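Structure file query.tsv; described as TSV, C-alpha atoms and all ligand atoms.
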chain	number	residue	atom	x	y	z
K	705	MET	CA	157.97	116.93	82.94
K	706	ALA	CA	157.84	115.76	86.50
K	707	GLU	CA	156.82	112.19	86.91
K	708	GLU	CA	154.52	111.57	89.81
K	709	LYS	CA	155.66	108.70	91.89
K	710	VAL	CA	153.13	106.44	93.46
K	711	SER	CA	154.50	104.82	96.53
K	712	ARG	CA	153.97	101.13	97.21
K	713	ARG	CA	151.71	102.07	100.14
K	714	ASP	CA	149.50	104.37	97.98
K	715	PHE	CA	149.24	101.68	95.36
K	716	LEU	CA	148.08	99.13	97.92
K	717	LEU	CA	145.54	101.57	99.34
K	718	TYR	CA	144.09	102.30	95.88
K	719	ALA	CA	143.95	98.60	95.08
K	720	MET	CA	142.21	97.78	98.34
K	721	GLY	CA	139.75	100.64	97.84
K	722	GLY	CA	138.94	99.36	94.36
K	723	TRP	CA	138.35	95.82	95.58
K	724	ALA	CA	136.21	97.10	98.44
K	725	ALA	CA	134.05	99.07	95.99
K	726	VAL	CA	133.61	96.01	93.75
K	727	GLY	CA	132.75	93.89	96.80
K	728	LEU	CA	130.22	96.41	98.08
K	729	GLY	CA	128.60	96.59	94.63
K	730	GLY	CA	128.31	92.80	94.59
K	731	VAL	CA	126.73	92.74	98.04
K	732	LEU	CA	124.21	95.45	97.11
K	733	TYR	CA	123.31	93.63	93.89
K	734	ALA	CA	122.82	90.35	95.79
K	735	MET	CA	120.58	92.14	98.32
K	736	TYR	CA	118.52	93.67	95.51
K	737	LYS	CA	118.08	90.29	93.80
K	738	THR	CA	117.08	88.71	97.12
K	739	TRP	CA	114.40	91.27	97.89
K	740	GLU	CA	113.01	91.64	94.39
K	741	PRO	CA	109.93	89.37	93.93
K	742	LEU	CA	110.51	86.51	91.50
K	743	PRO	CA	108.91	86.96	88.06
K	744	GLU	CA	106.46	84.13	88.77
K	745	VAL	CA	105.43	85.86	92.01
K	746	LYS	CA	104.89	89.15	90.18
K	747	ALA	CA	102.89	87.40	87.45
K	748	ALA	CA	100.75	85.52	90.01
K	749	GLY	CA	99.01	88.76	90.98
K	750	VAL	CA	97.80	89.39	87.44
K	751	VAL	CA	95.12	87.40	85.61
K	752	LYS	CA	93.95	87.99	82.05
K	753	PHE	CA	90.44	87.05	81.02
K	754	ASP	CA	88.75	87.27	77.63
K	755	LEU	CA	85.47	89.12	78.25
K	756	SER	CA	83.96	87.91	74.98
K	757	LYS	CA	83.71	84.39	76.52
K	758	VAL	CA	80.79	85.64	78.62
K	759	LYS	CA	77.41	85.61	76.88
K	760	PRO	CA	74.83	88.33	77.63
K	761	GLY	CA	73.09	87.51	80.91
K	762	GLN	CA	75.81	85.01	81.88
K	763	MET	CA	78.04	85.21	84.97
K	764	LYS	CA	81.48	83.60	85.11
K	765	VAL	CA	83.86	83.27	88.04
K	766	VAL	CA	87.55	84.03	87.58
K	767	GLN	CA	90.06	83.22	90.30
K	768	TRP	CA	92.33	86.14	91.14
K	769	ARG	CA	94.78	86.17	94.06
K	770	GLY	CA	92.85	83.36	95.70
K	771	LYS	CA	89.55	85.23	95.48
K	772	PRO	CA	86.56	84.69	93.20
K	773	VAL	CA	85.90	87.55	90.81
K	774	PHE	CA	82.43	87.67	89.27
K	775	VAL	CA	82.24	88.72	85.64
K	776	LEU	CA	78.63	89.40	84.66
K	777	ARG	CA	77.64	90.49	81.18
K	778	LEU	CA	74.52	92.60	81.30
K	779	THR	CA	71.76	92.25	78.73
K	780	PRO	CA	70.31	95.42	77.21
K	781	GLU	CA	67.23	94.95	79.46
K	782	MET	CA	69.22	94.79	82.69
K	783	LYS	CA	69.71	97.77	84.95
K	784	LYS	CA	72.69	99.87	83.99
K	785	CYS	CA	74.97	101.35	86.60
K	786	SER	CA	77.20	103.65	84.62
K	787	ASN	CA	79.84	104.12	87.30
K	788	ARG	CA	80.31	100.36	87.80
K	789	VAL	CA	80.08	99.02	84.26
K	790	ILE	CA	83.04	98.19	82.04
K	791	LYS	CA	82.79	98.56	78.26
K	792	ASN	CA	79.14	99.46	78.72
K	793	GLU	CA	78.05	95.88	79.56
K	794	TYR	CA	80.31	94.08	82.03
K	795	VAL	CA	80.14	94.12	85.82
K	796	VAL	CA	83.35	92.84	87.41
K	797	VAL	CA	83.38	92.55	91.19
K	798	VAL	CA	85.21	90.61	93.89
K	799	GLY	CA	82.81	87.84	94.93
K	800	ILE	CA	83.27	88.26	98.66
K	801	CYS	CA	80.44	89.63	100.75
K	802	THR	CA	81.33	92.94	102.37
K	803	HIS	CA	79.54	91.88	105.56
K	804	LEU	CA	81.57	88.93	106.87
K	805	GLY	CA	83.24	87.52	103.79
K	806	CYS	CA	80.95	84.75	102.50
K	807	ILE	CA	80.69	84.11	98.78
K	808	PRO	CA	77.37	85.31	97.33
K	809	ASN	CA	75.53	83.31	94.65
K	810	TRP	CA	74.27	84.76	91.40
K	811	GLU	CA	70.51	84.26	91.08
K	812	PRO	CA	69.75	84.83	87.39
K	813	ASP	CA	65.98	84.75	87.85
K	814	ARG	CA	66.03	87.63	90.33
K	815	GLN	CA	69.18	89.19	88.82
K	816	ILE	CA	70.80	89.58	92.21
K	817	PHE	CA	73.81	88.28	94.10
K	818	LYS	CA	72.48	86.64	97.28
K	819	CYS	CA	74.72	85.93	100.22
K	820	PRO	CA	73.98	82.53	101.80
K	821	CYS	CA	75.26	83.49	105.26
K	822	HIS	CA	72.95	86.27	106.47
K	823	GLY	CA	70.74	86.90	103.46
K	824	GLY	CA	72.49	90.00	102.18
K	825	GLU	CA	71.61	90.99	98.62
K	826	TYR	CA	73.37	92.93	95.90
K	827	ASP	CA	71.90	94.02	92.59
K	828	ALA	CA	73.43	93.05	89.24
K	829	CYS	CA	75.90	95.91	89.58
K	830	GLY	CA	77.14	94.54	92.90
K	831	VAL	CA	75.48	97.31	94.92
K	832	ASN	CA	74.13	96.22	98.32
K	833	THR	CA	70.34	96.47	98.36
K	834	PHE	CA	69.23	94.39	101.32
K	835	GLY	CA	70.46	92.91	104.61
K	836	PRO	CA	73.63	93.48	106.57
K	837	PRO	CA	76.26	94.16	103.85
K	838	PRO	CA	77.56	97.67	104.59
K	839	ARG	CA	78.77	98.53	101.09
K	840	PRO	CA	78.83	97.31	97.48
K	841	LEU	CA	81.03	94.43	96.34
K	842	ASP	CA	84.57	95.61	95.72
K	843	ILE	CA	85.83	96.25	92.21
K	844	PRO	CA	89.27	94.72	91.68
K	845	PRO	CA	91.99	96.83	90.06
K	846	PHE	CA	91.76	96.18	86.33
K	847	LYS	CA	93.02	97.28	82.96
K	848	ILE	CA	91.34	96.81	79.59
K	849	GLU	CA	93.29	95.52	76.58
K	850	GLY	CA	90.83	95.17	73.70
K	851	ASN	CA	88.41	92.44	74.78
K	852	THR	CA	90.67	91.28	77.59
K	853	ILE	CA	90.45	92.39	81.18
K	854	VAL	CA	93.69	92.31	83.15
K	855	LEU	CA	92.92	91.83	86.85
K	856	GLY	CA	95.53	93.13	89.24
K	857	GLU	CA	96.68	96.16	87.23
K	858	ALA	CA	95.00	99.52	87.65
K	859	GLY	CA	94.39	101.09	84.23
K	860	PRO	CA	92.78	104.45	83.38
K	861	GLU	CA	89.27	102.92	83.29
K	862	TYR	CA	89.68	101.67	86.85
K	863	GLU	CA	91.11	105.00	88.07
K	864	LYS	CA	88.16	106.83	86.50
K	865	MET	CA	85.69	104.41	88.11
K	866	MET	CA	87.25	104.89	91.53
K	867	LYS	CA	86.96	108.69	91.23
K	868	GLY	CA	83.37	108.58	89.97
Y	901	LIG	S1	78.46	87.47	105.19
Y	901	LIG	FE1	77.10	88.06	103.61
Y	901	LIG	S2	75.39	88.83	104.63
Y	901	LIG	FE2	76.74	88.26	106.23

Represent the structure of the file as structure tokens.
Ligand code: FES
Amino acid sequence: MAEEKVSRRDFLLYAMGGWAAVGLGGVLYAMYKTWEPLPEVKAAGVVKFDLSKVKPGQMKVVQWRGKPVFVLRLTPEMKKCSNRVIKNEYVVVVGICTHLGCIPNWEPDRQIFKCPCHGGEYDACGVNTFGPPPRPLDIPPFKIEGNTIVLGEAGPEYEKMMKG
């Protein structure tokens, strides 16, 4: 059986190639770790909120990505807006006026969101009904986990709402 001889030069070339491959792998891994968002940054975009904390007719504000999100629980008597209601009784909208970005106030007596800047109004579903706002309040991406709403993750309920 013929023994293959590896010359000193071939051996050095193989060894250098091996080290270069290991070095390149290390560099690529370091680049990946540098560019990948830190876990705390990833988690910062997601907020969980227990919907059962909101009583019927009550509106609570949740902070999400530096924005107020209005969580309103409708009473059976309040207007229903099937394509904007979660779990048949919650309206969840970004509390930033679609006109020029002011923060509307919830007026429980009139059951509207009223913008203090130019008098724009939205109904309880967040749909613009009066004044300069050009469109309804935005619905943040959300996912439902039992009684908890996860803001910042688009679940099937959100996808369906966006299509409807
Ligand atoms: S910013 Fe709300 S009506 Fe102008």

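Nearest residue to ligand LIG 901 (chain Y), choosing from K:Ala828, K:Met865, K:Cys806, K:Val854 and counting only C-alpha atoms and all ligand atoms: K:Cys806.
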
* At what distance in Å, to one decimal, does CA of Arg788 (chain K) lie from CA of Gly761 (chain K)? ->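 Interatomic distance here is 16.3 Å.
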
To check your reading of the model: which residues sit at most 7 Å from ligand LIG 901 (chain Y) when counting all atoms listed in the file? Write the answer as a compact mmCIF listing (two decimals) with C-alpha atoms, keeping the file's coordinate frame.
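result_23.txt was written with the following content:
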# COMPACT_ATOMS: atom_id res chain seq x y z
CA CYS K 801 80.44 89.63 100.75
CA THR K 802 81.33 92.94 102.37
CA HIS K 803 79.54 91.88 105.56
CA LEU K 804 81.57 88.93 106.87
CA GLY K 805 83.24 87.52 103.79
CA CYS K 806 80.95 84.75 102.50
CA PRO K 808 77.37 85.31 97.33
CA CYS K 819 74.72 85.93 100.22
CA PRO K 820 73.98 82.53 101.80
CA CYS K 821 75.26 83.49 105.26
CA HIS K 822 72.95 86.27 106.47
CA GLY K 823 70.74 86.90 103.46
CA GLY K 824 72.49 90.00 102.18
CA GLY K 835 70.46 92.91 104.61
CA PRO K 836 73.63 93.48 106.57
CA PRO K 837 76.26 94.16 103.85

* Would you list the residues near (81.5, 94.5, 80.0), meaning any protein, DNA or RNA residue with an atom at most 8 Å from that point in file coordinates, counting only C-alpha atoms, as a ChimeraX atom specification? => /K:755,776-778,789-796

* Structure fact -> re CA of Lys783 (chain K) and CA of Ile800 (chain K): distance 21.5 Å

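With all atoms listed in the file as the basis for measurement, K:Gln767 is the residue among K:Thr779, K:Thr833, K:Gln767, K:Ser711 that approaches Leu855 (chain K) most closely.
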
What are the centre and edge lengths in Å, to one decimal, of the axis-aligned box around all listed atoms of region 827-843 of chain K with 5 Å added on each side, as lines of an AutoDock Vina configuration file?
center_x = 77.5
center_y = 95.7
center_z = 97.9
size_x = 26.6
size_y = 15.6
size_z = 27.3

* **CA of Lys771 (chain K) to CA of Asp842 (chain K), distance in Å rounded to a single decimal** =>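 Calculated distance between CA of Lys771 (chain K) and CA of Asp842 (chain K) is 11.5 Å.
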
* Which polymer residues, protein or nucleic acid, are no farther than 6 Å from (88.3, 87.5, 92.8), counting all atoms listed in the file, as number ranges by chain? -> K: 767-768, 771-773, 798-799

Keeping only C-alpha atoms, write the selected residues to a file as an mmCIF file, keeping the file's coordinate frame.
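Output contents, as saved in result17.cif:
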data_model
loop_
_atom_site.group_PDB
_atom_site.id
_atom_site.type_symbol
_atom_site.label_atom_id
_atom_site.label_comp_id
_atom_site.auth_asym_id
_atom_site.auth_seq_id
_atom_site.Cartn_x
_atom_site.Cartn_y
_atom_site.Cartn_z
ATOM 1 C CA GLN K 767 90.060 83.220 90.300
ATOM 2 C CA TRP K 768 92.330 86.140 91.140
ATOM 3 C CA LYS K 771 89.550 85.230 95.480
ATOM 4 C CA PRO K 772 86.560 84.690 93.200
ATOM 5 C CA VAL K 773 85.900 87.550 90.810
ATOM 6 C CA VAL K 798 85.210 90.610 93.890
ATOM 7 C CA GLY K 799 82.810 87.840 94.930
#

* To do: Could you give me, as a PyMOL selection string, the residues within 8 Å of Asp754 (chain K), counting only C-alpha atoms and dropping anything in the same chain fewer than 4 positions from it?
  => chain K and resi 851-853
